[in-house]
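Enquirer: If it helps, the file is called final_15.tsv and holds TSV, N, CA and C atoms:
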```tsv
chain	number	residue	atom	x	y	z
A	1	MET	N	0.84	-1.17	0.00
A	1	MET	CA	0.00	0.00	0.00
A	1	MET	C	0.89	1.24	0.00
A	2	LYS	N	0.57	2.17	-0.87
A	2	LYS	CA	1.35	3.40	-0.97
A	2	LYS	C	0.94	4.38	0.13
A	3	TRP	N	1.89	5.23	0.48
A	3	TRP	CA	1.60	6.24	1.52
A	3	TRP	C	0.63	7.29	1.02
A	4	GLY	N	0.68	7.67	-0.23
A	4	GLY	CA	-0.16	8.74	-0.75
A	4	GLY	C	-1.50	8.27	-1.26
A	5	ALA	N	-1.87	7.01	-1.02
A	5	ALA	CA	-3.10	6.46	-1.57
A	5	ALA	C	-4.34	7.13	-0.98
A	6	ASN	N	-4.31	7.53	0.26
A	6	ASN	CA	-5.49	8.14	0.87
A	6	ASN	C	-5.27	9.64	1.10
A	7	GLY	N	-4.50	10.28	0.27
A	7	GLY	CA	-4.20	11.71	0.42
A	7	GLY	C	-5.42	12.61	0.37
A	8	PRO	N	-6.31	12.47	-0.66
A	8	PRO	CA	-7.48	13.35	-0.69
A	8	PRO	C	-8.41	13.15	0.50
A	9	LEU	N	-8.58	11.90	0.93
A	9	LEU	CA	-9.42	11.65	2.10
A	9	LEU	C	-8.83	12.29	3.34
A	10	ARG	N	-7.52	12.17	3.50
A	10	ARG	CA	-6.86	12.75	4.66
A	10	ARG	C	-7.00	14.27	4.67
A	11	SER	N	-6.82	14.92	3.53
A	11	SER	CA	-6.91	16.38	3.49
A	11	SER	C	-8.33	16.85	3.74
A	12	ARG	N	-9.33	16.11	3.24
A	12	ARG	CA	-10.71	16.51	3.47
A	12	ARG	C	-11.07	16.39	4.94
A	13	LEU	N	-10.68	15.30	5.58
A	13	LEU	CA	-10.96	15.13	7.00
A	13	LEU	C	-10.20	16.15	7.84
A	14	HIS	N	-8.99	16.44	7.42
A	14	HIS	CA	-8.18	17.41	8.15
A	14	HIS	C	-8.82	18.79	8.10
A	15	MET	N	-9.34	19.20	6.94
A	15	MET	CA	-9.93	20.53	6.81
A	15	MET	C	-11.21	20.63	7.63
A	16	GLN	N	-12.04	19.59	7.60
A	16	GLN	CA	-13.27	19.63	8.38
A	16	GLN	C	-12.97	19.68	9.87
A	17	SER	N	-12.07	18.85	10.32
A	17	SER	CA	-11.75	18.87	11.74
A	17	SER	C	-11.03	20.16	12.11
A	18	GLY	N	-10.37	20.80	11.15
A	18	GLY	CA	-9.73	22.09	11.40
A	18	GLY	C	-10.76	23.17	11.71
A	19	TYR	N	-11.84	23.20	10.93
A	19	TYR	CA	-12.91	24.17	11.21
A	19	TYR	C	-13.54	23.90	12.57
A	20	GLN	N	-13.78	22.63	12.86
A	20	GLN	CA	-14.38	22.27	14.13
A	20	GLN	C	-13.43	22.58	15.28
A	21	LEU	N	-12.15	22.26	15.11
A	21	LEU	CA	-11.16	22.55	16.13
A	21	LEU	C	-11.03	24.05	16.35
A	22	GLY	N	-11.02	24.83	15.27
A	22	GLY	CA	-10.95	26.28	15.39
A	22	GLY	C	-12.16	26.86	16.11
A	23	THR	N	-13.33	26.29	15.84
A	23	THR	CA	-14.55	26.75	16.52
A	23	THR	C	-14.42	26.53	18.02
A	24	TYR	N	-14.04	25.34	18.42
A	24	TYR	CA	-13.92	25.04	19.85
A	24	TYR	C	-12.77	25.80	20.50
A	25	LEU	N	-11.70	25.99	19.77
A	25	LEU	CA	-10.55	26.73	20.31
A	25	LEU	C	-10.94	28.18	20.61
A	26	PHE	N	-11.59	28.84	19.66
A	26	PHE	CA	-11.96	30.23	19.89
A	26	PHE	C	-13.12	30.37	20.86
A	27	LEU	N	-13.98	29.36	20.98
A	27	LEU	CA	-14.99	29.38	22.03
A	27	LEU	C	-14.32	29.34	23.40
A	28	GLY	N	-13.28	28.52	23.51
A	28	GLY	CA	-12.51	28.48	24.75
A	28	GLY	C	-11.82	29.80	25.04
A	29	LEU	N	-11.29	30.45	23.99
A	29	LEU	CA	-10.66	31.76	24.19
A	29	LEU	C	-11.67	32.82	24.61
A	30	ILE	N	-12.88	32.74	24.09
A	30	ILE	CA	-13.93	33.68	24.51
A	30	ILE	C	-14.22	33.50	26.00
A	31	ILE	N	-14.37	32.24	26.43
A	31	ILE	CA	-14.63	31.97	27.85
A	31	ILE	C	-13.45	32.44	28.70
A	32	PHE	N	-12.23	32.20	28.23
A	32	PHE	CA	-11.03	32.63	28.95
A	32	PHE	C	-10.99	34.16	29.06
A	33	ASP	N	-11.30	34.87	27.96
A	33	ASP	CA	-11.34	36.33	28.01
A	33	ASP	C	-12.38	36.84	28.99
A	34	LEU	N	-13.54	36.21	29.00
A	34	LEU	CA	-14.60	36.62	29.92
A	34	LEU	C	-14.20	36.37	31.38
A	35	LEU	N	-13.53	35.26	31.63
A	35	LEU	CA	-13.09	34.96	33.00
A	35	LEU	C	-12.03	35.96	33.47
A	36	LEU	N	-11.22	36.45	32.55
A	36	LEU	CA	-10.21	37.45	32.91
A	36	LEU	C	-10.78	38.86	32.98
A	37	GLY	N	-12.03	39.02	32.62
A	37	GLY	CA	-12.66	40.33	32.68
A	37	GLY	C	-12.43	41.17	31.44
A	38	ASP	N	-11.99	40.56	30.37
A	38	ASP	CA	-11.73	41.28	29.12
A	38	ASP	C	-12.91	41.09	28.18
A	39	VAL	N	-13.03	41.98	27.20
A	39	VAL	CA	-14.09	41.88	26.21
A	39	VAL	C	-13.54	41.12	25.00
A	40	PRO	N	-14.14	39.97	24.65
A	40	PRO	CA	-13.60	39.16	23.55
A	40	PRO	C	-14.00	39.72	22.18
A	41	ARG	N	-13.15	40.56	21.60
A	41	ARG	CA	-13.47	41.14	20.29
A	41	ARG	C	-13.00	40.25	19.15
A	42	ILE	N	-11.70	40.08	19.05
A	42	ILE	CA	-11.13	39.33	17.94
A	42	ILE	C	-11.43	37.84	18.07
A	43	SER	N	-11.41	37.32	19.29
A	43	SER	CA	-11.71	35.89	19.45
A	43	SER	C	-13.17	35.60	19.09
A	44	PHE	N	-14.08	36.55	19.35
A	44	PHE	CA	-15.47	36.37	18.94
A	44	PHE	C	-15.59	36.41	17.42
A	45	ALA	N	-14.86	37.29	16.78
A	45	ALA	CA	-14.89	37.36	15.32
A	45	ALA	C	-14.34	36.08	14.69
A	46	MET	N	-13.24	35.58	15.22
A	46	MET	CA	-12.65	34.36	14.67
A	46	MET	C	-13.56	33.15	14.95
A	47	TYR	N	-14.19	33.13	16.13
A	47	TYR	CA	-15.14	32.06	16.42
A	47	TYR	C	-16.28	32.07	15.41
A	48	ALA	N	-16.80	33.25	15.13
A	48	ALA	CA	-17.92	33.35	14.19
A	48	ALA	C	-17.52	32.87	12.80
A	49	LEU	N	-16.33	33.22	12.35
A	49	LEU	CA	-15.88	32.78	11.03
A	49	LEU	C	-15.71	31.26	10.97
A	50	PHE	N	-15.02	30.68	11.95
A	50	PHE	CA	-14.83	29.23	11.96
A	50	PHE	C	-16.16	28.49	12.08
A	51	PHE	N	-17.06	29.01	12.91
A	51	PHE	CA	-18.37	28.39	13.09
A	51	PHE	C	-19.16	28.41	11.78
A	52	TYR	N	-19.12	29.55	11.08
A	52	TYR	CA	-19.83	29.64	9.81
A	52	TYR	C	-19.24	28.69	8.77
A	53	PHE	N	-17.91	28.65	8.64
A	53	PHE	CA	-17.29	27.78	7.64
A	53	PHE	C	-17.51	26.30	7.96
A	54	TRP	N	-17.55	25.97	9.23
A	54	TRP	CA	-17.81	24.59	9.63
A	54	TRP	C	-19.23	24.18	9.22
A	55	GLN	N	-20.22	25.05	9.47
A	55	GLN	CA	-21.60	24.72	9.12
A	55	GLN	C	-21.79	24.72	7.60
A	56	ARG	N	-21.10	25.62	6.91
A	56	ARG	CA	-21.20	25.64	5.45
A	56	ARG	C	-20.63	24.35	4.86
A	57	GLU	N	-19.55	23.86	5.45
A	57	GLU	CA	-18.95	22.61	5.00
A	57	GLU	C	-19.91	21.45	5.22
A	58	ARG	N	-20.64	21.47	6.33
A	58	ARG	CA	-21.62	20.41	6.59
A	58	ARG	C	-22.75	20.44	5.57
A	59	VAL	N	-23.18	21.64	5.17
A	59	VAL	CA	-24.25	21.76	4.19
A	59	VAL	C	-23.78	21.29	2.82
A	60	GLU	N	-22.55	21.58	2.47
A	60	GLU	CA	-22.05	21.21	1.15
A	60	GLU	C	-21.82	19.71	1.00
A	61	LYS	N	-21.87	18.95	2.08
A	61	LYS	CA	-21.79	17.49	1.99
A	61	LYS	C	-23.08	16.89	1.45
A	62	GLU	N	-24.18	17.63	1.55
A	62	GLU	CA	-25.47	17.13	1.09
A	62	GLU	C	-25.51	17.11	-0.44
A	63	ASP	N	-26.59	16.59	-0.97
A	63	ASP	CA	-26.83	16.59	-2.40
A	63	ASP	C	-26.83	18.04	-2.90
A	64	LYS	N	-26.37	18.26	-4.12
A	64	LYS	CA	-26.19	19.63	-4.62
A	64	LYS	C	-27.49	20.41	-4.64
A	65	ALA	N	-28.59	19.81	-5.09
A	65	ALA	CA	-29.88	20.50	-5.14
A	65	ALA	C	-30.38	20.80	-3.73
A	66	LEU	N	-30.21	19.85	-2.83
A	66	LEU	CA	-30.64	20.06	-1.45
A	66	LEU	C	-29.78	21.13	-0.77
A	67	ALA	N	-28.48	21.13	-1.05
A	67	ALA	CA	-27.59	22.13	-0.47
A	67	ALA	C	-27.98	23.53	-0.94
A	68	GLU	N	-28.31	23.68	-2.21
A	68	GLU	CA	-28.73	24.99	-2.72
A	68	GLU	C	-30.03	25.44	-2.09
A	69	LYS	N	-30.95	24.51	-1.88
A	69	LYS	CA	-32.23	24.85	-1.23
A	69	LYS	C	-31.99	25.29	0.21
A	70	ILE	N	-31.11	24.60	0.92
A	70	ILE	CA	-30.80	24.96	2.30
A	70	ILE	C	-30.14	26.33	2.34
A	71	LYS	N	-29.20	26.58	1.44
A	71	LYS	CA	-28.53	27.88	1.41
A	71	LYS	C	-29.50	29.01	1.09
A	72	ARG	N	-30.45	28.77	0.19
A	72	ARG	CA	-31.42	29.80	-0.17
A	72	ARG	C	-32.32	30.13	1.02
A	73	LYS	N	-32.78	29.10	1.74
A	73	LYS	CA	-33.59	29.35	2.94
A	73	LYS	C	-32.78	30.11	3.98
A	74	SER	N	-31.54	29.72	4.15
A	74	SER	CA	-30.67	30.38	5.12
A	74	SER	C	-30.45	31.84	4.73
A	75	ASP	N	-30.28	32.11	3.45
A	75	ASP	CA	-30.11	33.49	2.98
A	75	ASP	C	-31.32	34.35	3.35
A	76	GLU	N	-32.51	33.81	3.10
A	76	GLU	CA	-33.73	34.57	3.39
A	76	GLU	C	-33.86	34.86	4.89
A	77	TRP	N	-33.61	33.85	5.71
A	77	TRP	CA	-33.73	34.05	7.15
A	77	TRP	C	-32.66	34.99	7.68
A	78	THR	N	-31.46	34.89	7.14
A	78	THR	CA	-30.37	35.75	7.59
A	78	THR	C	-30.68	37.20	7.28
A	79	ILE	N	-31.14	37.48	6.06
A	79	ILE	CA	-31.47	38.85	5.69
A	79	ILE	C	-32.59	39.39	6.56
A	80	THR	N	-33.60	38.57	6.82
A	80	THR	CA	-34.71	39.00	7.67
A	80	THR	C	-34.23	39.33	9.08
A	81	LEU	N	-33.40	38.46	9.66
A	81	LEU	CA	-32.90	38.69	11.02
A	81	LEU	C	-31.96	39.90	11.09
A	82	VAL	N	-31.14	40.10	10.07
A	82	VAL	CA	-30.23	41.26	10.08
A	82	VAL	C	-31.02	42.56	9.98
A	83	ILE	N	-32.05	42.59	9.15
A	83	ILE	CA	-32.90	43.79	9.07
A	83	ILE	C	-33.60	44.04	10.39
A	84	LEU	N	-34.09	42.97	11.02
A	84	LEU	CA	-34.73	43.12	12.33
A	84	LEU	C	-33.74	43.65	13.37
A	85	LEU	N	-32.52	43.13	13.36
A	85	LEU	CA	-31.50	43.61	14.30
A	85	LEU	C	-31.12	45.06	14.04
A	86	CYS	N	-31.14	45.48	12.78
A	86	CYS	CA	-30.86	46.89	12.46
A	86	CYS	C	-31.93	47.80	13.04
A	87	PHE	N	-33.19	47.37	12.95
A	87	PHE	CA	-34.27	48.16	13.54
A	87	PHE	C	-34.16	48.23	15.06
A	88	VAL	N	-33.83	47.10	15.67
A	88	VAL	CA	-33.66	47.08	17.13
A	88	VAL	C	-32.48	47.96	17.53
A	89	GLY	N	-31.38	47.88	16.81
A	89	GLY	CA	-30.22	48.74	17.09
A	89	GLY	C	-30.54	50.21	16.93
A	90	TYR	N	-31.33	50.54	15.92
A	90	TYR	CA	-31.72	51.94	15.72
A	90	TYR	C	-32.60	52.41	16.88
A	91	ALA	N	-33.55	51.57	17.30
A	91	ALA	CA	-34.43	51.95	18.41
A	91	ALA	C	-33.64	52.13	19.70
A	92	VAL	N	-32.65	51.28	19.94
A	92	VAL	CA	-31.84	51.40	21.14
A	92	VAL	C	-30.97	52.65	21.06
A	93	SER	N	-30.45	52.95	19.88
A	93	SER	CA	-29.55	54.10	19.74
A	93	SER	C	-30.27	55.44	19.88
A	94	LEU	N	-31.58	55.47	19.77
A	94	LEU	CA	-32.30	56.73	19.95
A	94	LEU	C	-32.18	57.25	21.38
A	95	GLY	N	-32.01	56.34	22.33
A	95	GLY	CA	-31.89	56.73	23.73
A	95	GLY	C	-30.47	57.09	24.14
A	96	LEU	N	-29.49	56.90	23.29
A	96	LEU	CA	-28.10	57.18	23.65
A	96	LEU	C	-27.75	58.64	23.37
A	97	GLN	N	-27.07	59.27	24.30
A	97	GLN	CA	-26.62	60.64	24.09
A	97	GLN	C	-25.34	60.68	23.28
A	98	GLU	N	-24.37	59.88	23.69
A	98	GLU	CA	-23.12	59.77	22.93
A	98	GLU	C	-22.68	58.31	22.96
A	99	PRO	N	-22.11	57.83	21.87
A	99	PRO	CA	-21.73	56.41	21.82
A	99	PRO	C	-20.56	56.11	22.77
A	100	SER	N	-20.63	54.97	23.39
A	100	SER	CA	-19.57	54.56	24.31
A	100	SER	C	-18.69	53.46	23.72
A	101	ILE	N	-18.86	53.17	22.44
A	101	ILE	CA	-18.10	52.12	21.78
A	101	ILE	C	-17.57	52.68	20.46
A	102	SER	N	-16.37	52.29	20.11
A	102	SER	CA	-15.78	52.82	18.88
A	102	SER	C	-16.42	52.17	17.65
A	103	LEU	N	-16.28	52.84	16.53
A	103	LEU	CA	-16.85	52.32	15.30
A	103	LEU	C	-16.18	51.02	14.87
A	104	LEU	N	-14.89	50.88	15.13
A	104	LEU	CA	-14.17	49.64	14.80
A	104	LEU	C	-14.73	48.46	15.59
A	105	GLU	N	-14.90	48.64	16.90
A	105	GLU	CA	-15.45	47.56	17.72
A	105	GLU	C	-16.88	47.23	17.32
A	106	LEU	N	-17.66	48.26	17.01
A	106	LEU	CA	-19.03	48.04	16.59
A	106	LEU	C	-19.09	47.25	15.28
A	107	SER	N	-18.19	47.56	14.36
A	107	SER	CA	-18.18	46.83	13.09
A	107	SER	C	-17.71	45.38	13.29
A	108	ILE	N	-16.74	45.16	14.18
A	108	ILE	CA	-16.30	43.79	14.45
A	108	ILE	C	-17.44	42.97	15.05
A	109	TYR	N	-18.15	43.53	16.02
A	109	TYR	CA	-19.28	42.82	16.61
A	109	TYR	C	-20.40	42.61	15.60
A	110	GLY	N	-20.62	43.60	14.74
A	110	GLY	CA	-21.67	43.47	13.73
A	110	GLY	C	-21.40	42.36	12.74
A	111	PHE	N	-20.19	42.32	12.19
A	111	PHE	CA	-19.86	41.26	11.25
A	111	PHE	C	-19.82	39.89	11.93
A	112	SER	N	-19.36	39.83	13.15
A	112	SER	CA	-19.34	38.56	13.89
A	112	SER	C	-20.77	38.07	14.12
A	113	THR	N	-21.65	38.98	14.46
A	113	THR	CA	-23.05	38.61	14.68
A	113	THR	C	-23.68	38.11	13.40
A	114	ILE	N	-23.38	38.75	12.28
A	114	ILE	CA	-23.93	38.31	10.99
A	114	ILE	C	-23.44	36.90	10.65
A	115	PHE	N	-22.16	36.62	10.86
A	115	PHE	CA	-21.65	35.27	10.57
A	115	PHE	C	-22.27	34.24	11.50
A	116	CYS	N	-22.47	34.58	12.77
A	116	CYS	CA	-23.11	33.64	13.69
A	116	CYS	C	-24.56	33.39	13.30
A	117	ILE	N	-25.27	34.44	12.92
A	117	ILE	CA	-26.66	34.27	12.48
A	117	ILE	C	-26.71	33.41	11.23
A	118	ARG	N	-25.78	33.63	10.32
A	118	ARG	CA	-25.73	32.84	9.09
A	118	ARG	C	-25.50	31.36	9.41
A	119	ALA	N	-24.59	31.07	10.32
A	119	ALA	CA	-24.32	29.67	10.69
A	119	ALA	C	-25.53	29.05	11.38
A	120	LEU	N	-26.17	29.79	12.26
A	120	LEU	CA	-27.34	29.25	12.96
A	120	LEU	C	-28.51	29.00	12.03
A	121	THR	N	-28.70	29.89	11.04
A	121	THR	CA	-29.78	29.65	10.08
A	121	THR	C	-29.45	28.47	9.17
A	122	LEU	N	-28.18	28.23	8.89
A	122	LEU	CA	-27.81	27.02	8.13
A	122	LEU	C	-28.15	25.77	8.92
A	123	ILE	N	-27.85	25.79	10.22
A	123	ILE	CA	-28.18	24.64	11.07
A	123	ILE	C	-29.68	24.41	11.10
A	124	TYR	N	-30.45	25.49	11.27
A	124	TYR	CA	-31.90	25.37	11.34
A	124	TYR	C	-32.47	24.87	10.02
A	125	ALA	N	-31.96	25.36	8.91
A	125	ALA	CA	-32.44	24.91	7.60
A	125	ALA	C	-32.10	23.44	7.36
A	126	MET	N	-30.93	22.99	7.81
A	126	MET	CA	-30.57	21.58	7.67
A	126	MET	C	-31.53	20.69	8.47
A	127	HIS	N	-31.82	21.09	9.70
A	127	HIS	CA	-32.72	20.30	10.52
A	127	HIS	C	-34.14	20.32	9.99
A	128	GLU	N	-34.56	21.44	9.43
A	128	GLU	CA	-35.89	21.53	8.85
A	128	GLU	C	-36.01	20.63	7.62
A	129	GLU	N	-34.96	20.55	6.82
A	129	GLU	CA	-34.97	19.67	5.65
A	129	GLU	C	-34.97	18.20	6.07
A	130	GLU	N	-34.29	17.86	7.15
A	130	GLU	CA	-34.29	16.49	7.62
A	130	GLU	C	-35.66	16.06	8.11
A	131	LEU	N	-36.43	17.00	8.67
A	131	LEU	CA	-37.75	16.68	9.17
A	131	LEU	C	-38.78	16.53	8.08
A	132	ASP	N	-38.56	17.22	6.93
A	132	ASP	CA	-39.52	17.15	5.81
A	132	ASP	C	-39.44	15.86	5.05
```
Take the structure I supplied and represent it as structure tokens, if you would.

Expert:
Amino acid sequence: MKWGANGPLRSRLHMQSGYQLGTYLFLGLIIFDLLLGDVPRISFAMYALFFYFWQRERVEKEDKALAEKIKRKSDEWTITLVILLCFVGYAVSLGLQEPSISLLELSIYGFSTIFCIRALTLIYAMHEEELD
């Protein structure tokens, strides 16, 4: 048996476990930051990215037509939730006199939240398709 015979299988498993490992690693860093009393900005952003890519990889394992249907449902729900969050953020900001958070931090949290919402809607769409 040759050493390179299972190369594609090894790389595929390695990449999937890499996303999963990254998700758990940055979740641990978020908990560690919170225990130290720090605000987890970058670790939350990296967690959101790894979590989204891990869930997207799970969806792409499905049949191509089913994966496209799941992604389309997830797109619709993500856009709806992001618009709803924008309205809630606007309503909350009406009561603020001056912002207490920088624009950079706000954008990091915003993009992280969008990636987390996208991953969660992918999970929900996958489970909904399994039930149908």

Enquirer: Please identify all polymer residues within 6 Å of range 48-54 of chain A, counting only C-alpha atoms, omitting same-chain residues fewer than 3 positions from it, and present them as a CSV table (one decimal) with N, CA and C atoms, keeping the file's coordinate frame.

Expert:
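Saved the output as result_27.csv:
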```
chain,number,residue,atom,x,y,z
A,19,TYR,N,-11.8,23.2,10.9
A,19,TYR,CA,-12.9,24.2,11.2
A,19,TYR,C,-13.5,23.9,12.6
A,22,GLY,N,-11.0,24.8,15.3
A,22,GLY,CA,-11.0,26.3,15.4
A,22,GLY,C,-12.2,26.9,16.1
A,23,THR,N,-13.3,26.3,15.8
A,23,THR,CA,-14.6,26.8,16.5
A,23,THR,C,-14.4,26.5,18.0
A,45,ALA,N,-14.9,37.3,16.8
A,45,ALA,CA,-14.9,37.4,15.3
A,45,ALA,C,-14.3,36.1,14.7
A,57,GLU,N,-19.6,23.9,5.4
A,57,GLU,CA,-19.0,22.6,5.0
A,57,GLU,C,-19.9,21.4,5.2
A,112,SER,N,-19.4,39.8,13.2
A,112,SER,CA,-19.3,38.6,13.9
A,112,SER,C,-20.8,38.1,14.1
A,115,PHE,N,-22.2,36.6,10.9
A,115,PHE,CA,-21.6,35.3,10.6
A,115,PHE,C,-22.3,34.2,11.5
A,116,CYS,N,-22.5,34.6,12.8
A,116,CYS,CA,-23.1,33.6,13.7
A,116,CYS,C,-24.6,33.4,13.3
A,119,ALA,N,-24.6,31.1,10.3
A,119,ALA,CA,-24.3,29.7,10.7
A,119,ALA,C,-25.5,29.0,11.4
```

Enquirer: Would you work out the distance separating CA of Ile123 in chain A from CA of Leu81 in chain A, expressed in Å to one decimal?

Expert: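 Separation between CA of Ile123 in chain A and CA of Leu81 in chain A: 14.8 Å.
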
Enquirer: Could you tell me how far CA of Lys73 in chain A lies from CA of Ile114 in chain A, in Å and to one decimal?

Expert: 15.4 Å

Enquirer: Do you know which residues are at most 8 Å from Val59 in chain A counting only C-alpha atoms, after dropping those on the same chain fewer than 4 positions away, and could you put them as a list of chain:residue names?

Expert: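 Selected residues are A:Gln55, A:Ala67, A:Ile70, A:Lys71, A:Leu122, A:Met126.
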
Enquirer: Please identify the alpha helix (DSSP H) residues within chain A (assignment by DSSP from backbone atoms) and present them as a count of residues only.

Expert: 107

Enquirer: Grab the atom N of Ile31 in chain A to CA of Phe44 in chain A distance for me, in Å with one decimal place.

Expert: 8.6 Å

Enquirer: Just checking: using only C-alpha atoms, which residue out of A:Leu96, A:Lys64, A:Ile108, A:Arg58 ends up closest to His127 in chain A?

Expert: A:Arg58

Enquirer: If we count only N, CA and C atoms, what is near Leu29 in chain A at a cut-off of 7 Å, once residues fewer than 3 positions away on the same chain are taken out, given as a list in words?

Expert: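 The neighbour list is Tyr24, Leu25, Phe26, Phe32, Asp33, Leu34, Pro40, Ser43 and Phe44 of chain A.
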
Enquirer: With distances taken over only C-alpha atoms, which residue among A:Leu35, A:Leu27, A:Arg118, A:Gly110 lies nearest Trp77 in chain A?

Expert: A:Arg118
